[in-house]
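Chemist: Let me begin by handing over the structure; questions about it come next.
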Amino acid sequence: MYESFDQIAFSLALIARGFHARGWVIGTSGNLSAVVNREPLRLAMSPSGVDKGELTAGQIVLIDERTRVLSDHRAKPSDESPLHVRIVKERGAAAVFHTHSIWNTILSDLHAPDGGLVIEGYEMLKGLEGVKTHAHREWVPIIENSQDMQALAESIGDTLRQHPHAHAFLLRRHGLYAWGNDLAQARRHIEILEFLIEAVGRASAIRG
């Protein structure tokens, strides 16, 4: 077992409100999950249709790997729960966060024809797990969005296997997914990547 469900739910709600304050999960956008147990797989998951700026620990649901709700909730888990399950399985992640910032949404569209976004030369890259130098070249794959969550999960699985060193990916015109070995690392990866994506976007706008 990892932390208790109640502890994880409290942390997820706190992180969600922090992301909301930064404009990364405004309204009901975005979703967050964390592993409660590996075998059998159990995830604490943010519910669908809830304002992340007002999310409480009591609203977090417990789901299994088929995204069925196991806790005593009437709420529905995020529609993107299958994507979280796939990332956890492919990466062995303990937490998965999804944000909808303005910059990650714009750049996910602008760089989609290239298949991904290159970020290099920034000191902040060293905040990503395993990165030791600002000279690192981070490739953030961009995946076409779909309302078919099972098909999208398969596409994500293929992409993660093709890019085993990626720390995150973007869904086109949708947003950023990042993960970590624990809640703190996943939050750090979101913070670092949101900074870097905005820096790349602003630099491109200034250069024209």
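Chain labels A, B, ... are given in the sequence in which chains occur in the structure tokens; within each chain residues are numbered consecutively from 1, and ligands are likewise numbered from 1 in the order shown.
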Which of region 93-157 of chain A counts as strand (DSSP E) under DSSP, as a ChimeraX atom specification please?
Modeler: /A:95-99,116-120,137-143
Chemist: What's the 12 Å shell around Ala135 (chain A), counting only C-alpha atoms, without same-chain residues fewer than 3 positions away, as a PDB file with N, CA and C atoms, in the first residue's frame?
Modeler:
ATOM      1  N   ILE A 119      12.270  21.385 -26.409  1.00  0.00           N
ATOM      2  CA  ILE A 119      12.654  22.383 -25.402  1.00  0.00           C
ATOM      3  C   ILE A 119      14.106  22.103 -25.025  1.00  0.00           C
ATOM      4  N   GLU A 120      14.988  23.066 -25.231  1.00  0.00           N
ATOM      5  CA  GLU A 120      16.404  22.854 -24.894  1.00  0.00           C
ATOM      6  C   GLU A 120      17.068  24.171 -24.515  1.00  0.00           C
ATOM      7  N   GLY A 121      18.137  24.042 -23.732  1.00  0.00           N
ATOM      8  CA  GLY A 121      18.951  25.194 -23.384  1.00  0.00           C
ATOM      9  C   GLY A 121      18.506  25.974 -22.163  1.00  0.00           C
ATOM     10  N   TYR A 122      17.433  25.546 -21.518  1.00  0.00           N
ATOM     11  CA  TYR A 122      16.913  26.264 -20.350  1.00  0.00           C
ATOM     12  C   TYR A 122      17.366  25.596 -19.050  1.00  0.00           C
ATOM     13  N   GLU A 123      17.814  26.413 -18.109  1.00  0.00           N
ATOM     14  CA  GLU A 123      18.249  25.901 -16.815  1.00  0.00           C
ATOM     15  C   GLU A 123      17.141  25.124 -16.100  1.00  0.00           C
ATOM     16  N   MET A 124      15.886  25.557 -16.311  1.00  0.00           N
ATOM     17  CA  MET A 124      14.763  24.915 -15.629  1.00  0.00           C
ATOM     18  C   MET A 124      14.563  23.459 -16.033  1.00  0.00           C
ATOM     19  N   LEU A 125      15.173  23.043 -17.129  1.00  0.00           N
ATOM     20  CA  LEU A 125      15.077  21.640 -17.530  1.00  0.00           C
ATOM     21  C   LEU A 125      15.623  20.708 -16.455  1.00  0.00           C
ATOM     22  N   LYS A 126      16.547  21.216 -15.645  1.00  0.00           N
ATOM     23  CA  LYS A 126      17.152  20.397 -14.602  1.00  0.00           C
ATOM     24  C   LYS A 126      16.174  20.046 -13.488  1.00  0.00           C
ATOM     25  N   VAL A 131      17.473  14.779 -15.393  1.00  0.00           N
ATOM     26  CA  VAL A 131      18.134  15.774 -16.244  1.00  0.00           C
ATOM     27  C   VAL A 131      19.188  16.510 -15.430  1.00  0.00           C
ATOM     28  N   LYS A 132      20.416  16.503 -15.923  1.00  0.00           N
ATOM     29  CA  LYS A 132      21.549  17.045 -15.160  1.00  0.00           C
ATOM     30  C   LYS A 132      22.118  18.336 -15.738  1.00  0.00           C
ATOM     31  N   GLU A 138      14.736  18.214 -24.465  1.00  0.00           N
ATOM     32  CA  GLU A 138      13.495  17.534 -24.088  1.00  0.00           C
ATOM     33  C   GLU A 138      12.521  17.522 -25.263  1.00  0.00           C
TER      34      GLU A 138
END
Chemist: Distance CA of Ala178 (chain A)-CA of Ala9 (chain A), one decimal place?
Modeler: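 According to the coordinates, CA of Ala178 (chain A) and CA of Ala9 (chain A) are separated by 18.5 Å.
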Chemist: Counting only C-alpha atoms, which residue out of A:Ser48, A:Ser33, A:Thr159, A:Ser78 sits closest to Val96 (chain A)?
Modeler: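 Ranking A:Ser48, A:Ser33, A:Thr159, A:Ser78 by distance to Val96 (chain A), first place goes to A:Ser33.
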Chemist: Taking only C-alpha atoms into account, name the residue in A:Arg66, A:His165, A:Arg173, A:His136 that is nearest to Glu80 (chain A).
Modeler: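 When distances to Glu80 (chain A) are compared using only C-alpha atoms, the smallest one comes from A:Arg66.
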Chemist: From the options A:Pro82, A:Asn104, A:His134, A:Gly175, which residue's atoms come nearest to Asp148 (chain A), counting only C-alpha atoms?
Modeler: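 Of all the options, A:Pro82 lies closest to Asp148 (chain A).
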Chemist: Mind checking which residues fall within 7 Å of Pro141 (chain A), counting only C-alpha atoms, ignoring those fewer than 4 positions away in the same chain, and posting them as a list in words?
Modeler: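 Once the nearby chain positions are removed, what remains is Gly115, Gly116, Leu117, Phe169 and Leu170 of chain A.
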Chemist: Within 9 Å of Val25 (chain A), counting only C-alpha atoms, which residues qualify if same-chain residues fewer than 5 places away don't, as a list in words?
Modeler: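 The contact residues come out as Ala16, Arg17, Phe19, His20, Gly30, Asn31, Asp51, Lys52, Gly53, His98, Thr99, His100 and Ser101 of chain A.
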Chemist: Go ahead and write the selection's residues with N, CA and C atoms as a tab-separated table (two decimals), in the first residue's frame.
Modeler:
chain	number	residue	atom	x	y	z
A	16	ALA	N	-4.76	20.48	-6.84
A	16	ALA	CA	-5.71	20.99	-7.83
A	16	ALA	C	-6.03	22.46	-7.60
A	17	ARG	N	-6.23	22.83	-6.35
A	17	ARG	CA	-6.54	24.23	-6.06
A	17	ARG	C	-5.34	25.13	-6.36
A	19	PHE	N	-3.06	24.51	-8.75
A	19	PHE	CA	-3.01	24.60	-10.21
A	19	PHE	C	-4.07	25.60	-10.72
A	20	HIS	N	-5.26	25.55	-10.10
A	20	HIS	CA	-6.32	26.47	-10.49
A	20	HIS	C	-5.89	27.91	-10.26
A	30	GLY	N	-9.03	19.93	-16.66
A	30	GLY	CA	-7.94	19.24	-15.98
A	30	GLY	C	-8.41	18.07	-15.13
A	31	ASN	N	-7.47	17.21	-14.81
A	31	ASN	CA	-7.76	16.09	-13.91
A	31	ASN	C	-6.48	15.58	-13.27
A	51	ASP	N	-15.33	22.03	-10.44
A	51	ASP	CA	-14.41	23.16	-10.49
A	51	ASP	C	-13.18	22.84	-9.65
A	52	LYS	N	-12.00	22.81	-10.27
A	52	LYS	CA	-10.78	22.41	-9.55
A	52	LYS	C	-10.37	23.43	-8.50
A	53	GLY	N	-10.85	24.65	-8.63
A	53	GLY	CA	-10.56	25.65	-7.61
A	53	GLY	C	-11.34	25.43	-6.33
A	98	HIS	N	-3.01	16.43	-15.32
A	98	HIS	CA	-3.36	16.96	-16.65
A	98	HIS	C	-3.82	18.40	-16.51
A	99	THR	N	-3.15	19.31	-17.21
A	99	THR	CA	-3.46	20.74	-17.13
A	99	THR	C	-3.89	21.29	-18.48
A	100	HIS	N	-4.63	22.40	-18.44
A	100	HIS	CA	-5.17	23.05	-19.64
A	100	HIS	C	-4.76	24.52	-19.66
A	101	SER	N	-3.49	24.81	-19.57
A	101	SER	CA	-3.08	26.21	-19.59
A	101	SER	C	-3.23	26.79	-20.99
Chemist: Can you work out which one of A:Val88, A:Ala168, A:Glu54, A:Val36 has the shortest atom-to-atom distance to Ile8 (chain A), counting only C-alpha atoms?
Modeler: A:Val36
Chemist: Between A:Glu129, A:Asp158, A:Glu90, A:Asp109, which residue has the minimum interatomic distance to Ala186 (chain A), considering only C-alpha atoms?
Modeler: A:Glu129
Chemist: Could you pull the residues within 9 Å of Phe10 (chain A), counting only C-alpha atoms, minus those fewer than 2 positions along the same chain, as a PyMOL selection string?
Modeler: chain A and resi 5-8+12-15+56-58+60
Chemist: Neighbouring residues of Ile197 (chain A) were defined as those with any atom within 10 Å, considering only C-alpha atoms; residues of the same chain fewer than 3 positions away were excluded. Please report them as a PDB file with N, CA and C atoms, in the first residue's frame.
Modeler:
ATOM      1  N   SER A 101      -3.489  24.811 -19.567  1.00  0.00           N
ATOM      2  CA  SER A 101      -3.078  26.211 -19.586  1.00  0.00           C
ATOM      3  C   SER A 101      -3.231  26.794 -20.991  1.00  0.00           C
ATOM      4  N   TRP A 103      -0.949  28.466 -22.664  1.00  0.00           N
ATOM      5  CA  TRP A 103       0.261  28.247 -23.457  1.00  0.00           C
ATOM      6  C   TRP A 103       0.389  26.800 -23.917  1.00  0.00           C
ATOM      7  N   ASN A 104       0.078  25.847 -23.062  1.00  0.00           N
ATOM      8  CA  ASN A 104       0.230  24.463 -23.528  1.00  0.00           C
ATOM      9  C   ASN A 104      -0.819  24.125 -24.586  1.00  0.00           C
ATOM     10  N   THR A 105      -1.981  24.759 -24.506  1.00  0.00           N
ATOM     11  CA  THR A 105      -3.015  24.529 -25.512  1.00  0.00           C
ATOM     12  C   THR A 105      -2.603  25.117 -26.859  1.00  0.00           C
ATOM     13  N   ILE A 106      -2.073  26.339 -26.844  1.00  0.00           N
ATOM     14  CA  ILE A 106      -1.648  26.990 -28.088  1.00  0.00           C
ATOM     15  C   ILE A 106      -0.496  26.235 -28.746  1.00  0.00           C
ATOM     16  N   LEU A 107       0.532  25.928 -27.967  1.00  0.00           N
ATOM     17  CA  LEU A 107       1.711  25.280 -28.549  1.00  0.00           C
ATOM     18  C   LEU A 107       1.428  23.846 -28.986  1.00  0.00           C
ATOM     19  N   SER A 108       0.466  23.195 -28.335  1.00  0.00           N
ATOM     20  CA  SER A 108       0.113  21.839 -28.756  1.00  0.00           C
ATOM     21  C   SER A 108      -0.471  21.837 -30.160  1.00  0.00           C
ATOM     22  N   LEU A 117       7.122  18.979 -29.463  1.00  0.00           N
ATOM     23  CA  LEU A 117       7.736  20.260 -29.109  1.00  0.00           C
ATOM     24  C   LEU A 117       9.123  20.013 -28.538  1.00  0.00           C
ATOM     25  N   VAL A 118      10.124  20.710 -29.080  1.00  0.00           N
ATOM     26  CA  VAL A 118      11.494  20.620 -28.571  1.00  0.00           C
ATOM     27  C   VAL A 118      11.729  21.742 -27.571  1.00  0.00           C
ATOM     28  N   ILE A 119      12.270  21.385 -26.409  1.00  0.00           N
ATOM     29  CA  ILE A 119      12.654  22.383 -25.402  1.00  0.00           C
ATOM     30  C   ILE A 119      14.106  22.103 -25.025  1.00  0.00           C
ATOM     31  N   VAL A 140       8.750  16.745 -26.253  1.00  0.00           N
ATOM     32  CA  VAL A 140       7.400  16.561 -25.715  1.00  0.00           C
ATOM     33  C   VAL A 140       6.499  16.149 -26.882  1.00  0.00           C
ATOM     34  N   LEU A 176      -1.672  19.400 -21.388  1.00  0.00           N
ATOM     35  CA  LEU A 176      -0.447  18.714 -20.989  1.00  0.00           C
ATOM     36  C   LEU A 176      -0.741  17.576 -20.020  1.00  0.00           C
ATOM     37  N   ILE A 192       7.516  22.713 -13.789  1.00  0.00           N
ATOM     38  CA  ILE A 192       8.664  22.945 -14.660  1.00  0.00           C
ATOM     39  C   ILE A 192       8.220  23.039 -16.113  1.00  0.00           C
ATOM     40  N   LEU A 193       7.397  22.109 -16.546  1.00  0.00           N
ATOM     41  CA  LEU A 193       6.989  22.081 -17.951  1.00  0.00           C
ATOM     42  C   LEU A 193       6.063  23.235 -18.307  1.00  0.00           C
ATOM     43  N   GLU A 194       5.196  23.633 -17.406  1.00  0.00           N
ATOM     44  CA  GLU A 194       4.350  24.798 -17.683  1.00  0.00           C
ATOM     45  C   GLU A 194       5.218  26.046 -17.845  1.00  0.00           C
ATOM     46  N   VAL A 200       8.976  29.101 -24.040  1.00  0.00           N
ATOM     47  CA  VAL A 200       9.133  28.843 -25.467  1.00  0.00           C
ATOM     48  C   VAL A 200       8.103  29.639 -26.274  1.00  0.00           C
ATOM     49  N   GLY A 201       6.875  29.653 -25.809  1.00  0.00           N
ATOM     50  CA  GLY A 201       5.819  30.377 -26.514  1.00  0.00           C
ATOM     51  C   GLY A 201       6.068  31.869 -26.547  1.00  0.00           C
ATOM     52  N   ARG A 202       6.449  32.431 -25.411  1.00  0.00           N
ATOM     53  CA  ARG A 202       6.711  33.879 -25.359  1.00  0.00           C
ATOM     54  C   ARG A 202       7.929  34.253 -26.199  1.00  0.00           C
ATOM     55  N   ALA A 203       8.966  33.423 -26.158  1.00  0.00           N
ATOM     56  CA  ALA A 203      10.164  33.695 -26.950  1.00  0.00           C
ATOM     57  C   ALA A 203       9.833  33.694 -28.443  1.00  0.00           C
TER      58      ALA A 203
END
